[in-house]
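Q: Below: one structure in structure tokens.
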Amino acid sequence: MIRLSASFAVLVSLAAFAAEPSVTVQADVVFASTAPGSVDPSLTKMRDAMAPKVKYLTMKKVDSKKLDLVQNRAQTIALPNQKTAELTLQQVNDDNVATVKVKTPSVEAVYSLAKDKTLSAPAGANDGGDLWLVVSQPK
Amino acid sequence: MKNPAREKFLPMLSPYVDGELTPEERQLVEQHLANSKESAAQVADFRAADGLMRHALEMQADSMDWKAFADDVMAKVTPEKLPLFERLKLSLSEMFTYQRGPLMVGFAAAALAVLIAVPVTMKFATPDGYGASKVQVQMVSVKDTSSFKPVVMETDTGDAIIWVVESTPDGGKKKKDGEHSEETLTQDPPLDGKQGDL
């Protein structure tokens, strides 16, 4: 009984300490263009948010992935412009706030994830428009 | 000719042989037997008959197979299997009675395991990483050229958009949400680590 309890305690503790921090993110690659076209209904909020800067008339998701980010291990996303974007979990702090590094052909940013919030980062030009990497909390 | 004493002791002779009399009665009968040859002979007859009967019964008993009888009796004697709850209760009762020390140590170890495991697993158990209420960009950079700079725009809903802008000759100005600027939006600046406005 004693040995069993002690073994259980040790195993649970080791398993818990051995677990690496990880988070799951939704990474969408969006093509946006000012050329006349249609806007994916799920992107109208993004279009409206960007409207003060650029009035995109065409917006569509070209890729959508759910990525499990493990600390300090970069996950790569292939982009339609033959380039790649990278997402890396840097840390998850005690307040359950994850810090993620996003690297696209255009920018490199470090930011903290937020509940139901998105980060849109430019990911280069393609086919007469712009590519955006949109990182959000998975639904 | 009738013997009044024999008449009196006659009903007591059979119980005497069977050992059913009180010590006082037995003593009286034995005194009577010492004086009455007839009664003594009758007692001898009773004992002989008793011996014969016992012997006959023993022979009859030896000839019978008592195994089934024994099994039947033992089956009735063996207690029925208790319900699970009763057995657990009994086991626990015995453990508390005879193994109290080891049991308490075991409980203490289990409690310690829970005390260690719960906080640790709560700390690391599926942290979704979305504890913040709004996106906070801590660092953003583009290539180190004088003509490009990143600008972070926070939307009304708490989202964040990173724009790469071409700076004006004076080095560019920090943009505010929804504010148009003379800076030119671009998508393809070289990327080598210039940090922009946050």
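Residue numbers start at 1 in each chain; chains themselves are named A, B, ... in the order of the structure tokens; ligands are numbered from 1 in the order shown.
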Using backbone DSSP assignments, extract all strand (DSSP E) residues from segment 65-97 of chain A; output them as a list in words.
A: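 Taking segment 65-97 of chain A and keeping strand (DSSP E) only, one gets Lys65, Lys66, Leu67, Asp68, Leu69, Val70, Gln75, Thr76, Ile77, Ala78, Thr84, Ala85, Glu86, Leu87, Thr88, Leu89, Gln90, Gln91 and Val92 of chain A.
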Q: Write the residues you've just listed into a file as a compact mmCIF listing (two decimals), in the first residue's frame, and include C-alpha atoms for each of them.
A:
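As a result, result_25.txt now contains:
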```txt
# COMPACT_ATOMS: atom_id res chain seq x y z
CA LYS A 65 -4.66 24.96 -40.10
CA LYS A 66 -4.95 24.16 -36.45
CA LEU A 67 -1.45 23.99 -35.04
CA ASP A 68 -0.34 22.54 -31.74
CA LEU A 69 2.57 24.70 -30.72
CA VAL A 70 5.11 23.24 -28.35
CA GLN A 75 5.74 25.18 -36.89
CA THR A 76 5.92 26.10 -40.54
CA ILE A 77 3.06 27.07 -42.81
CA ALA A 78 3.51 27.03 -46.55
CA THR A 84 6.70 30.13 -45.53
CA ALA A 85 5.51 31.49 -42.24
CA GLU A 86 6.59 30.23 -38.85
CA LEU A 87 4.87 30.12 -35.51
CA THR A 88 6.75 29.38 -32.31
CA LEU A 89 5.46 29.20 -28.77
CA GLN A 90 7.90 31.04 -26.57
CA GLN A 91 6.27 30.57 -23.20
CA VAL A 92 3.09 30.24 -21.24
```
Q: Using only C-alpha atoms, which of the listed residues (B:Val118, B:Val137, B:Val29, B:Val142) sits closest to Lys103 of chain A?
A: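 Counting only C-alpha atoms, the residue closest to Lys103 of chain A is B:Val142.
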Q: So that I can check the secondary structure, give me every residue of segment 53-166 of chain B assigned alpha helix (DSSP H) by backbone DSSP, as a PyMOL selection string.
A: chain B and resi 53-63+67-77+84-98+100-124
Q: Which of these, A:Gln82, A:Pro122, A:Asp28, A:Ala114, has the shortest distance to Ser42 of chain A once you count only C-alpha atoms?
A: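 Looking only at the distances to Ser42 of chain A, the closest residue turns out to be A:Asp28.
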Q: If we count only C-alpha atoms, what is near Ala32 of chain A at a cut-off of 9 Å, once residues fewer than 5 positions away on the same chain are taken out, given as a PyMOL selection string?
A: chain A and resi 39+47+56-61+129-132
Q: Go through A:Ala35, A:Ala49, A:Ala74, A:Leu133 and flag the residue nearest chain B, using only C-alpha atoms for the distances.
A: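 Of all the options, A:Ala49 lies closest to chain B.
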Q: Which residues are close to Ala121 of chain A, i.e. within 9 Å by only C-alpha atoms, leaving aside same-chain residues fewer than 3 positions away? Reply as a VMD selection string.
A: (chain A and resid 102 to 104 106 to 109 131 to 135) or (chain B and resid 160 to 163)
Q: If we count only C-alpha atoms, what is near segment 31-47 of chain B at a cut-off of 10 Å, once residues fewer than 6 positions away on the same chain are taken out, given as a ChimeraX atom specification?
A: /B:3,5-10,13-14,16-18,25,53
Q: So, counting only C-alpha atoms, which residue among B:Pro11, B:Pro23, B:Gly129, B:Pro119 is closest to chain A?
A: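 Ranked by minimum distance to chain A, first place goes to B:Gly129.
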Q: Report the distance between atom CA of Val23 of chain A and atom CA of Thr121 of chain B in Å, rounded to one decimal place.
A: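 Going from atom CA of Val23 of chain A over to atom CA of Thr121 of chain B, I get 15.7 Å.
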